[in-house]
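Trainee: Input file: target-v9.txt. Contents: compact mmCIF, C-alpha atoms and all ligand atoms.
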```txt
# COMPACT_ATOMS: atom_id res chain seq x y z
CA MET A 125 1.53 -67.27 -15.94
CA PRO A 126 -1.22 -69.02 -17.98
CA GLY A 127 -2.27 -67.28 -21.17
CA THR A 128 1.02 -65.40 -21.66
CA SER A 129 3.80 -66.35 -24.09
CA SER A 130 6.55 -63.77 -24.38
CA LYS A 131 9.85 -63.16 -22.67
CA ASN A 132 8.31 -59.90 -21.61
CA GLY A 133 5.80 -59.95 -18.83
CA THR A 134 2.17 -58.99 -19.47
CA LEU A 135 0.51 -55.76 -18.39
CA PHE A 136 -3.03 -56.55 -17.23
CA ILE A 137 -5.57 -53.72 -17.13
CA VAL A 138 -7.93 -54.85 -14.41
CA ALA A 139 -11.38 -53.39 -13.74
CA THR A 140 -12.53 -53.21 -10.11
CA PRO A 141 -15.99 -52.42 -8.63
CA ILE A 142 -17.47 -48.90 -8.54
CA GLY A 143 -19.01 -49.40 -5.13
CA ASN A 144 -20.34 -52.92 -4.74
CA LEU A 145 -17.61 -55.46 -4.04
CA GLU A 146 -19.77 -58.26 -5.46
CA ASP A 147 -19.03 -56.78 -8.89
CA MET A 148 -15.39 -57.92 -8.69
CA THR A 149 -14.86 -60.68 -11.27
CA GLN A 150 -13.31 -64.02 -10.38
CA ARG A 151 -10.72 -63.48 -13.08
CA ALA A 152 -9.73 -60.11 -11.59
CA VAL A 153 -9.21 -61.74 -8.18
CA ARG A 154 -7.10 -64.49 -9.70
CA ILE A 155 -4.94 -62.20 -11.85
CA LEU A 156 -4.35 -59.73 -9.00
CA GLY A 157 -3.27 -62.66 -6.82
CA GLU A 158 -0.92 -64.09 -9.48
CA VAL A 159 0.92 -61.03 -10.82
CA ASP A 160 4.29 -59.91 -9.42
CA ARG A 161 3.13 -56.39 -8.74
CA ILE A 162 -0.03 -54.30 -8.74
CA VAL A 163 0.20 -50.70 -9.92
CA ALA A 164 -2.59 -48.78 -8.14
CA GLU A 165 -3.81 -45.20 -8.35
CA ASP A 166 -3.94 -44.96 -4.55
CA THR A 167 -2.33 -47.85 -2.72
CA ARG A 168 -4.08 -47.11 0.59
CA HIS A 169 -7.49 -47.02 -1.09
CA SER A 170 -6.80 -50.26 -2.98
CA ALA A 171 -5.50 -51.97 0.17
CA VAL A 172 -9.11 -52.28 1.38
CA LEU A 173 -10.19 -54.07 -1.81
CA LEU A 174 -7.14 -56.32 -1.88
CA LYS A 175 -7.54 -57.26 1.78
CA HIS A 176 -11.22 -58.08 1.22
CA PHE A 177 -10.26 -60.60 -1.47
CA GLY A 178 -7.23 -61.94 0.41
CA ILE A 179 -4.75 -60.64 -2.19
CA ALA A 180 -1.26 -60.11 -0.78
CA THR A 181 0.54 -58.94 -3.96
CA ARG A 182 2.80 -55.92 -3.40
CA THR A 183 1.49 -52.59 -4.69
CA VAL A 184 3.13 -49.52 -6.17
CA ALA A 185 1.48 -46.12 -6.69
CA MET A 186 0.89 -44.55 -10.07
CA HIS A 187 -1.34 -41.49 -10.28
CA GLU A 188 -1.72 -38.54 -12.64
CA HIS A 189 1.14 -36.65 -10.94
CA ASN A 190 3.80 -39.38 -11.18
CA GLU A 191 2.69 -41.44 -14.20
CA ARG A 192 5.36 -39.88 -16.42
CA ALA A 193 8.08 -40.57 -13.85
CA VAL A 194 7.16 -44.16 -12.94
CA THR A 195 6.27 -45.44 -16.43
CA PRO A 196 9.92 -46.18 -17.47
CA ARG A 197 10.51 -48.21 -14.31
CA ILE A 198 7.34 -50.28 -14.80
CA LEU A 199 8.33 -50.89 -18.43
CA GLN A 200 11.72 -52.17 -17.33
CA GLN A 201 10.07 -54.56 -14.87
CA LEU A 202 7.77 -55.84 -17.64
CA GLN A 203 10.76 -56.25 -19.96
CA LYS A 204 12.49 -58.33 -17.29
CA GLY A 205 9.51 -60.68 -17.43
CA GLU A 206 7.44 -59.44 -14.48
CA HIS A 207 3.67 -59.66 -14.84
CA ILE A 208 2.03 -56.44 -13.68
CA ALA A 209 -1.60 -55.45 -13.11
CA LEU A 210 -2.90 -51.90 -13.27
CA ILE A 211 -5.96 -50.95 -11.22
CA SER A 212 -7.57 -47.60 -10.44
CA ASP A 213 -9.60 -46.47 -7.44
CA ALA A 214 -12.78 -47.74 -9.08
CA GLY A 215 -14.03 -49.13 -12.35
CA THR A 216 -11.97 -49.53 -15.49
CA PRO A 217 -8.48 -47.98 -15.47
CA LEU A 218 -7.83 -45.28 -18.11
CA VAL A 219 -11.55 -44.36 -18.25
CA SER A 220 -11.12 -40.87 -16.69
CA ASP A 221 -8.28 -42.49 -14.73
CA PRO A 222 -4.48 -42.80 -15.08
CA GLY A 223 -2.77 -45.38 -17.25
CA PHE A 224 -2.84 -44.15 -20.85
CA ARG A 225 0.85 -43.23 -20.89
CA LEU A 226 1.82 -46.65 -19.52
CA VAL A 227 -0.40 -48.62 -21.92
CA ARG A 228 0.87 -46.62 -24.89
CA ALA A 229 4.50 -47.11 -23.87
CA ALA A 230 3.96 -50.84 -23.29
CA ARG A 231 2.38 -51.25 -26.75
CA GLU A 232 5.22 -49.33 -28.37
CA ALA A 233 7.71 -51.61 -26.59
CA GLY A 234 5.90 -54.72 -27.86
CA ILE A 235 4.77 -55.73 -24.38
CA PRO A 236 1.47 -57.65 -24.27
CA VAL A 237 -1.36 -55.62 -22.72
CA THR A 238 -4.44 -57.62 -21.75
CA PRO A 239 -7.80 -56.40 -20.46
CA ILE A 240 -9.47 -58.00 -17.47
CA PRO A 241 -12.83 -56.34 -18.08
CA GLY A 242 -15.47 -55.43 -15.57
CA VAL A 243 -17.48 -52.44 -14.46
CA SER A 244 -17.32 -48.90 -15.78
CA ALA A 245 -19.75 -46.30 -14.45
CA ALA A 246 -20.34 -44.93 -17.96
CA ILE A 247 -21.53 -48.23 -19.43
CA ALA A 248 -23.45 -49.23 -16.30
CA ALA A 249 -25.34 -45.91 -16.46
CA LEU A 250 -25.96 -46.15 -20.20
CA SER A 251 -27.38 -49.64 -19.85
CA VAL A 252 -30.13 -48.50 -17.46
CA SER A 253 -30.68 -44.96 -18.75
CA GLY A 254 -33.54 -45.52 -21.14
CA LEU A 255 -31.73 -43.21 -23.59
CA PRO A 256 -30.73 -44.51 -27.04
CA PRO A 257 -27.71 -46.76 -26.37
CA ASP A 258 -26.79 -47.71 -29.92
CA ARG A 259 -24.62 -44.65 -30.57
CA PHE A 260 -23.06 -42.72 -27.72
CA VAL A 261 -20.15 -40.41 -26.96
CA PHE A 262 -18.17 -40.38 -23.72
CA GLU A 263 -17.14 -36.90 -22.58
CA GLY A 264 -15.62 -37.75 -19.19
CA PHE A 265 -15.57 -34.70 -16.92
CA LEU A 266 -16.61 -31.34 -18.37
CA PRO A 267 -14.31 -28.40 -17.58
CA ALA A 268 -14.55 -27.29 -13.95
CA ARG A 269 -14.81 -23.58 -14.71
CA LYS A 270 -18.16 -22.24 -15.81
CA PRO A 271 -17.15 -20.37 -19.02
CA ALA A 272 -15.15 -23.33 -20.33
CA ARG A 273 -17.93 -25.74 -19.33
CA ARG A 274 -20.58 -23.71 -21.16
CA LYS A 275 -18.37 -23.47 -24.21
CA ARG A 276 -17.94 -27.23 -24.28
CA LEU A 277 -21.68 -27.74 -23.84
CA ALA A 278 -22.36 -25.35 -26.74
CA GLU A 279 -20.00 -27.46 -28.87
CA LEU A 280 -21.97 -30.55 -27.84
CA ALA A 281 -25.39 -29.02 -28.49
CA ALA A 282 -25.69 -30.44 -32.01
CA GLU A 283 -24.39 -33.90 -31.04
CA GLN A 284 -26.95 -36.50 -32.06
CA ARG A 285 -25.50 -39.40 -30.10
CA THR A 286 -26.28 -39.97 -26.40
CA ILE A 287 -23.71 -38.00 -24.39
CA ILE A 288 -22.19 -39.53 -21.25
CA ILE A 289 -20.62 -37.19 -18.68
CA TYR A 290 -18.96 -37.79 -15.31
CA GLU A 291 -19.60 -35.32 -12.50
CA SER A 292 -18.75 -34.93 -8.84
CA SER A 293 -20.95 -33.86 -5.95
CA HIS A 294 -19.26 -30.41 -5.83
CA ARG A 295 -20.40 -29.45 -9.29
CA ILE A 296 -23.53 -31.48 -10.00
CA SER A 297 -25.92 -28.56 -9.50
CA ALA A 298 -23.83 -26.02 -11.41
CA CYS A 299 -23.31 -28.50 -14.24
CA LEU A 300 -27.03 -29.29 -14.58
CA THR A 301 -27.88 -25.58 -14.51
CA ASP A 302 -25.46 -24.91 -17.37
CA MET A 303 -26.77 -27.89 -19.33
CA CYS A 304 -30.28 -26.64 -18.89
CA GLU A 305 -29.39 -23.17 -20.14
CA VAL A 306 -27.19 -24.24 -23.03
CA LEU A 307 -29.00 -27.39 -24.22
CA GLY A 308 -32.53 -26.36 -23.24
CA GLY A 309 -34.66 -27.46 -20.29
CA GLU A 310 -36.73 -29.85 -22.36
CA ARG A 311 -33.80 -31.97 -23.47
CA GLN A 312 -34.17 -35.47 -21.97
CA ALA A 313 -31.39 -36.54 -19.62
CA VAL A 314 -30.61 -39.02 -16.88
CA VAL A 315 -28.91 -38.47 -13.56
CA ALA A 316 -27.41 -41.77 -12.36
CA ARG A 317 -26.13 -41.41 -8.80
CA GLU A 318 -24.22 -43.84 -6.59
CA LEU A 319 -24.57 -46.77 -8.99
CA THR A 320 -24.33 -50.20 -7.35
CA LYS A 321 -24.34 -48.58 -3.89
CA ARG A 322 -26.92 -48.26 -1.14
CA PHE A 323 -28.36 -44.93 -2.29
CA GLU A 324 -28.39 -45.67 -5.99
CA THR A 325 -30.80 -43.28 -7.74
CA ILE A 326 -31.51 -43.14 -11.47
CA ARG A 327 -33.90 -40.58 -12.89
CA LEU A 328 -34.91 -39.83 -16.47
CA ALA A 329 -36.55 -36.44 -17.11
CA GLY A 330 -36.10 -33.13 -18.90
CA LEU A 331 -33.02 -31.12 -17.88
CA ALA A 332 -35.15 -28.40 -16.26
CA GLU A 333 -36.91 -30.95 -14.05
CA LEU A 334 -33.67 -32.70 -13.12
CA THR A 335 -31.95 -29.40 -12.30
CA ALA A 336 -34.80 -28.30 -10.01
CA TRP A 337 -34.95 -31.71 -8.33
CA VAL A 338 -31.22 -31.83 -7.56
CA ALA A 339 -31.24 -28.18 -6.39
CA SER A 340 -34.16 -28.79 -4.02
CA ASP A 341 -32.89 -32.00 -2.36
CA PRO A 342 -29.43 -32.01 -0.72
CA GLU A 343 -29.47 -35.84 -0.67
CA GLN A 344 -29.44 -35.79 -4.48
CA ARG A 345 -26.19 -33.83 -4.48
CA LYS A 346 -24.27 -36.47 -2.50
CA GLY A 347 -22.04 -39.12 -4.02
CA GLU A 348 -20.86 -39.83 -7.54
CA PHE A 349 -22.76 -39.08 -10.72
CA VAL A 350 -23.07 -39.99 -14.33
CA ILE A 351 -25.17 -37.60 -16.40
CA LEU A 352 -26.46 -38.82 -19.74
CA VAL A 353 -28.01 -36.44 -22.24
CA HIS A 354 -30.23 -37.39 -25.15
CA GLY A 355 -28.61 -36.44 -28.45
CA ARG A 356 -30.21 -33.69 -30.48
CA GLU A 357 -33.17 -35.03 -32.42
CA PRO A 358 -32.38 -34.97 -36.15
CA ALA A 359 -35.97 -33.83 -36.68
CA ALA A 360 -35.48 -30.62 -34.66
CA ARG A 361 -33.92 -28.81 -37.59
CA ASP A 362 -36.68 -29.85 -40.00
CA ALA A 363 -39.38 -28.94 -37.50
CA LEU A 364 -38.54 -25.26 -37.94
CA PRO A 365 -40.65 -23.50 -40.55
CA ASP A 366 -38.69 -22.32 -43.60
CA GLU A 367 -39.62 -18.73 -42.80
CA ALA A 368 -37.95 -18.96 -39.36
CA ARG A 369 -34.80 -20.52 -40.80
CA THR A 370 -34.46 -17.89 -43.50
CA MET A 371 -35.02 -15.11 -41.00
CA LEU A 372 -32.40 -16.54 -38.67
CA GLU A 373 -29.85 -16.74 -41.46
CA VAL A 374 -30.44 -13.10 -42.39
CA LEU A 375 -30.33 -11.88 -38.79
CA LEU A 376 -27.14 -13.81 -38.10
CA GLU A 377 -25.34 -11.69 -40.65
CA ASP A 378 -25.57 -8.66 -38.32
CA LEU A 379 -26.52 -9.90 -34.86
CA SER A 380 -25.20 -12.25 -32.19
CA LEU A 381 -26.64 -15.77 -32.10
CA THR A 382 -28.62 -15.03 -28.93
CA GLN A 383 -30.17 -11.90 -30.41
CA ALA A 384 -30.86 -13.49 -33.78
CA ALA A 385 -32.55 -16.55 -32.23
CA ARG A 386 -34.64 -14.37 -29.89
CA ILE A 387 -35.89 -12.05 -32.62
CA ALA A 388 -36.56 -14.84 -35.13
CA ALA A 389 -38.51 -16.73 -32.43
CA LYS A 390 -40.56 -13.63 -31.57
CA LEU A 391 -41.42 -12.81 -35.15
CA THR A 392 -42.22 -16.35 -36.33
CA GLY A 393 -43.43 -18.08 -33.16
CA ALA A 394 -40.82 -20.85 -33.67
CA SER A 395 -38.89 -22.37 -30.73
CA ARG A 396 -36.04 -20.14 -29.57
CA ASN A 397 -34.05 -23.20 -28.48
CA ALA A 398 -34.42 -24.85 -31.87
CA LEU A 399 -33.41 -21.61 -33.59
CA TYR A 400 -30.43 -21.24 -31.26
CA LYS A 401 -29.30 -24.79 -32.03
CA LEU A 402 -29.75 -24.28 -35.75
CA GLY A 403 -27.76 -21.02 -35.44
CA GLN A 404 -24.93 -22.93 -33.76
CA GLU A 405 -24.88 -25.43 -36.60
CA LEU A 406 -24.87 -22.66 -39.19
CA GLN A 407 -21.99 -20.94 -37.44
CA GLU A 408 -20.06 -24.22 -37.17
CA SER A 409 -20.57 -24.97 -40.86
CA ARG A 410 -19.49 -21.42 -41.81
CA LYS A 411 -16.30 -21.90 -39.78
CA ALA A 412 -15.57 -25.28 -41.40
N1 LIG B 1 -12.62 -45.46 -14.08
C1 LIG B 1 -13.94 -45.20 -13.57
C2 LIG B 1 -14.96 -45.94 -14.43
O1 LIG B 1 -14.61 -46.86 -15.15
O2 LIG B 1 -16.14 -45.61 -14.36
C3 LIG B 1 -14.22 -43.73 -13.46
C4 LIG B 1 -13.24 -42.96 -12.62
S1 LIG B 1 -13.56 -41.24 -12.52
C5 LIG B 1 -12.13 -40.66 -11.68
C6 LIG B 1 -14.75 -41.14 -11.22
C7 LIG B 1 -16.11 -40.69 -11.75
O3 LIG B 1 -16.81 -41.82 -12.27
C8 LIG B 1 -17.03 -40.14 -10.66
O4 LIG B 1 -16.78 -38.76 -10.42
C9 LIG B 1 -18.39 -40.35 -11.28
O5 LIG B 1 -18.66 -39.38 -12.25
C10 LIG B 1 -18.19 -41.71 -11.98
N2 LIG B 1 -18.54 -42.80 -11.05
C11 LIG B 1 -17.69 -43.66 -10.46
N3 LIG B 1 -18.38 -44.52 -9.67
C12 LIG B 1 -19.68 -44.17 -9.77
C13 LIG B 1 -20.88 -44.66 -9.20
N4 LIG B 1 -20.86 -45.67 -8.34
N5 LIG B 1 -22.05 -44.08 -9.53
C14 LIG B 1 -22.07 -43.04 -10.40
N6 LIG B 1 -20.97 -42.54 -10.96
C15 LIG B 1 -19.79 -43.09 -10.65
```
Before we go any further, please render this structure as structure tokens.
Mentor:
Amino acid sequence: MPGTSSKNGTLFIVATPIGNLEDMTQRAVRILGEVDRIVAEDTRHSAVLLKHFGIATRTVAMHEHNERAVTPRILQQLQKGEHIALISDAGTPLVSDPGFRLVRAAREAGIPVTPIPGVSAAIAALSVSGLPPDRFVFEGFLPARKPARRKRLAELAAEQRTIIIYESSHRISACLTDMCEVLGGERQAVVARELTKRFETIRLAGLAELTAWVASDPEQRKGEFVILVHGREPAARDALPDEARTMLEVLLEDLSLTQAARIAAKLTGASRNALYKLGQELQESRKA
């Protein structure tokens, strides 16, 4: 195979479209046609894509439940000189998709691993979000259960980089509601739905507005979502008057964060959200 020079075969990590088949790259079509085997997350799902591009290469399934079991066999095939491509149901494999174990094992065995890059929903959404793109953090899916999700969001509250989150239609409303409550309704965010597809919708607004919009329109709860959240403004901390900060620090010695932020906000007129966020930072730094 061109571009490979080892007695081992090469493992190609091949990105596929996230909805629009025109986003398939020419190189991806060629590599998938040339390799000995395609490892796919769901072979029936991928059969549609492969048929569309006239690719007849045999496929083998590797998903989160059998990755551990099938990895040694795929490694052996690579070591015998087979060239193998890994694809997922959509987008870039390993990005909230299976494949990490295989890539890691291949690297440890000295097998060449080559990217065939293409679409990923996270980067596509970031590029059109209108949120600062220069520094960002990818969170993947937040925990499915509400208490764990809120805890994770509280940990993210002080993050200053743009936060990228994947979400499904089942949880979009619940997730936005939690974000609104934990991060504050004024925090700027973007809901990017059904990217590259017929009903693509991208909206930038405060979390309160986005939450109300998604809750009021069932159409906006259909499909696949990327949520992007503006990082915390570094100025937010400084915007608090000294008096409010000092009061919060004193109150935090005896009260919960919620109580301390509420009372300090009442007595000083400062933003409860800003006090709450500052309180989180203080607690984090005390723990550290
Ligand atoms: N590997 C994929 C990638 O590179 O983007 C992601 C796979 S992950 C299992 C699926 C999640 O990606 C969806 O739940 C959604 O959050 C996001 N996603 C995938 N396709 C999307 C699309 N067309 N529009 C918006 N989000 C999408």
Trainee: Counting only C-alpha atoms and all ligand atoms, what residues are within 9 Å of ligand LIG 1 (chain B), given as a PyMOL selection string?
Mentor: chain A and resi 139-144+212-222+242-249+264-265+289-293+315-321+324-325+347-351
Trainee: Separation of atom CA of Phe136 of chain A and atom CA of Ile288 of chain A, in Å?
Mentor: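 One can read the atom CA of Phe136 of chain A to atom CA of Ile288 of chain A distance as 25.9 Å.
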Trainee: Calculated over all atoms listed in the file, which of the candidates A:Gln201, A:Thr301, A:Thr181, A:Gln404 has the smallest distance to Thr167 of chain A?
Mentor: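 Of all the options, A:Thr181 lies closest to Thr167 of chain A.
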Trainee: Just checking: using all atoms listed in the file, which residue out of A:Pro241, A:Pro256, A:Pro196, A:Gly393 ends up closest to Ile137 of chain A?
Mentor: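 Ranked by minimum distance to Ile137 of chain A, first place goes to A:Pro241.
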Trainee: Extending 4 Å beyond the listed atoms of segment 193-197 of chain A on each side, what axis-aligned box results? I want centre and edge lengths in Å to one decimal, as lines of an AutoDock Vina configuration file.
Mentor:
```
center_x = 8.4
center_y = -44.4
center_z = -15.2
size_x = 12.2
size_y = 15.6
size_z = 12.5
```
Trainee: Using all atoms listed in the file, which protein or nucleic acid residues come within 9 Å of Gly205 of chain A? Drop anything in the same chain fewer than 3 positions from it, and give the result as a list in words.
Mentor: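 The neighbour list is Ser130, Lys131, Asn132, Gly133, Thr134, Gln200, Gln201 and Leu202 of chain A.
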Trainee: Between A:Arg154, A:Arg259, A:Arg197, A:Arg295, which residue has the minimum interatomic distance to Ile179 of chain A, considering all atoms listed in the file?
Mentor: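 The answer is A:Arg154, which sits nearest to Ile179 of chain A.
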Trainee: Rank A:Ile211, A:Ile326, A:Val163, A:Ile287 by their smallest atom-to-atom distance to Asn190 of chain A, using only C-alpha atoms, and report the top residue only.
Mentor: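 Of the candidates, the smallest distance to Asn190 of chain A is held by A:Val163.
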Trainee: Could you state the separation of atom CA of Ile235 of chain A and atom CA of Leu173 of chain A in Å, given to one decimal place?
Mentor: 27.1 Å
Trainee: Here is a test: counting only C-alpha atoms, which residue of A:Ala313, A:Val306, A:Ala268, A:Leu135 is nearest to His294 of chain A?
Mentor: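 Once distances to His294 of chain A are computed over only C-alpha atoms, the minimum belongs to A:Ala268.
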Trainee: Show which residues sit within 10 Å of Glu405 of chain A, as a list in words. Count only C-alpha atoms, and ignore same-chain residues fewer than 6 positions away.
Mentor: Glu279, Ala281, Ala282, Arg361, Leu399 and Lys411 of chain A
Trainee: For atom CA of Arg285 of chain A and atom CA of Arg356 of chain A, determine how far apart the two atoms are, in Å to one decimal place.
Mentor: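 Interatomic distance, atom CA of Arg285 of chain A to atom CA of Arg356 of chain A: 7.4 Å.
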Trainee: Go through A:Val194, A:Ala152, A:Leu210, A:His354 one by one, measure the shortest atom-to-atom distance of each to Glu165 of chain A using only C-alpha atoms, and give the residue with the smallest value.
Mentor: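 The closest residue to Glu165 of chain A is A:Leu210.
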Trainee: Could you check which residues have any atom within 7 Å of (4.8, -50.1, -20.7), counting all atoms listed in the file with coordinates taken straight from the file, and then list them as a ChimeraX atom specification?
Mentor: /A:195,198-199,226-231,233,235
Trainee: Mind writing the picked residues with C-alpha atoms as an mmCIF file, keeping the file's coordinate frame?
Mentor:
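Output saved as part_36.cif:
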```
data_model
loop_
_atom_site.group_PDB
_atom_site.id
_atom_site.type_symbol
_atom_site.label_atom_id
_atom_site.label_comp_id
_atom_site.auth_asym_id
_atom_site.auth_seq_id
_atom_site.Cartn_x
_atom_site.Cartn_y
_atom_site.Cartn_z
ATOM 1 C CA THR A 195 6.270 -45.440 -16.430
ATOM 2 C CA ILE A 198 7.340 -50.280 -14.800
ATOM 3 C CA LEU A 199 8.330 -50.890 -18.430
ATOM 4 C CA LEU A 226 1.820 -46.650 -19.520
ATOM 5 C CA VAL A 227 -0.400 -48.620 -21.920
ATOM 6 C CA ARG A 228 0.870 -46.620 -24.890
ATOM 7 C CA ALA A 229 4.500 -47.110 -23.870
ATOM 8 C CA ALA A 230 3.960 -50.840 -23.290
ATOM 9 C CA ARG A 231 2.380 -51.250 -26.750
ATOM 10 C CA ALA A 233 7.710 -51.610 -26.590
ATOM 11 C CA ILE A 235 4.770 -55.730 -24.380
#
```
Trainee: Do you know which residues are at most 8 Å from Leu307 of chain A counting all atoms listed in the file, after dropping those on the same chain fewer than 5 positions away, and could you put them as a list in words?
Mentor: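 Within the cut-off, the hits are Leu277, Ala278, Ala281 and Asn397 of chain A.
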Trainee: With N, CA and C atoms as the target, complete segment 144-160 of chain A and hand it back as a compact mmCIF listing (two decimals), in the coordinates of the input.
Mentor:
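After the write, result-v4.txt holds the following:
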```txt
# COMPACT_ATOMS: atom_id res chain seq x y z
N ASN A 144 -19.86 -51.65 -5.29
CA ASN A 144 -20.34 -52.92 -4.74
C ASN A 144 -19.30 -54.00 -4.97
N LEU A 145 -18.72 -54.51 -3.90
CA LEU A 145 -17.61 -55.46 -4.04
C LEU A 145 -18.02 -56.76 -4.74
N GLU A 146 -19.32 -57.04 -4.76
CA GLU A 146 -19.77 -58.26 -5.46
C GLU A 146 -19.55 -58.16 -6.97
N ASP A 147 -19.26 -56.95 -7.45
CA ASP A 147 -19.03 -56.78 -8.89
C ASP A 147 -17.60 -57.12 -9.30
N MET A 148 -16.76 -57.49 -8.35
CA MET A 148 -15.39 -57.92 -8.69
C MET A 148 -15.49 -59.25 -9.43
N THR A 149 -14.77 -59.40 -10.54
CA THR A 149 -14.86 -60.68 -11.27
C THR A 149 -13.87 -61.69 -10.67
N GLN A 150 -14.19 -62.95 -10.87
CA GLN A 150 -13.31 -64.02 -10.38
C GLN A 150 -11.95 -63.92 -11.05
N ARG A 151 -11.98 -63.56 -12.33
CA ARG A 151 -10.72 -63.48 -13.08
C ARG A 151 -9.86 -62.34 -12.52
N ALA A 152 -10.49 -61.24 -12.17
CA ALA A 152 -9.73 -60.11 -11.59
C ALA A 152 -9.06 -60.56 -10.29
N VAL A 153 -9.79 -61.27 -9.45
CA VAL A 153 -9.21 -61.74 -8.18
C VAL A 153 -8.02 -62.65 -8.46
N ARG A 154 -8.19 -63.55 -9.42
CA ARG A 154 -7.10 -64.49 -9.70
C ARG A 154 -5.86 -63.77 -10.24
N ILE A 155 -6.09 -62.89 -11.23
CA ILE A 155 -4.94 -62.20 -11.85
C ILE A 155 -4.23 -61.33 -10.81
N LEU A 156 -4.99 -60.61 -10.00
CA LEU A 156 -4.35 -59.73 -9.00
C LEU A 156 -3.55 -60.55 -7.99
N GLY A 157 -4.00 -61.77 -7.75
CA GLY A 157 -3.27 -62.66 -6.82
C GLY A 157 -2.03 -63.25 -7.47
N GLU A 158 -2.03 -63.39 -8.80
CA GLU A 158 -0.92 -64.09 -9.48
C GLU A 158 0.20 -63.17 -9.96
N VAL A 159 -0.12 -61.90 -10.24
CA VAL A 159 0.92 -61.03 -10.82
C VAL A 159 2.03 -60.73 -9.80
N ASP A 160 3.16 -60.22 -10.30
CA ASP A 160 4.29 -59.91 -9.42
C ASP A 160 4.07 -58.61 -8.69
```
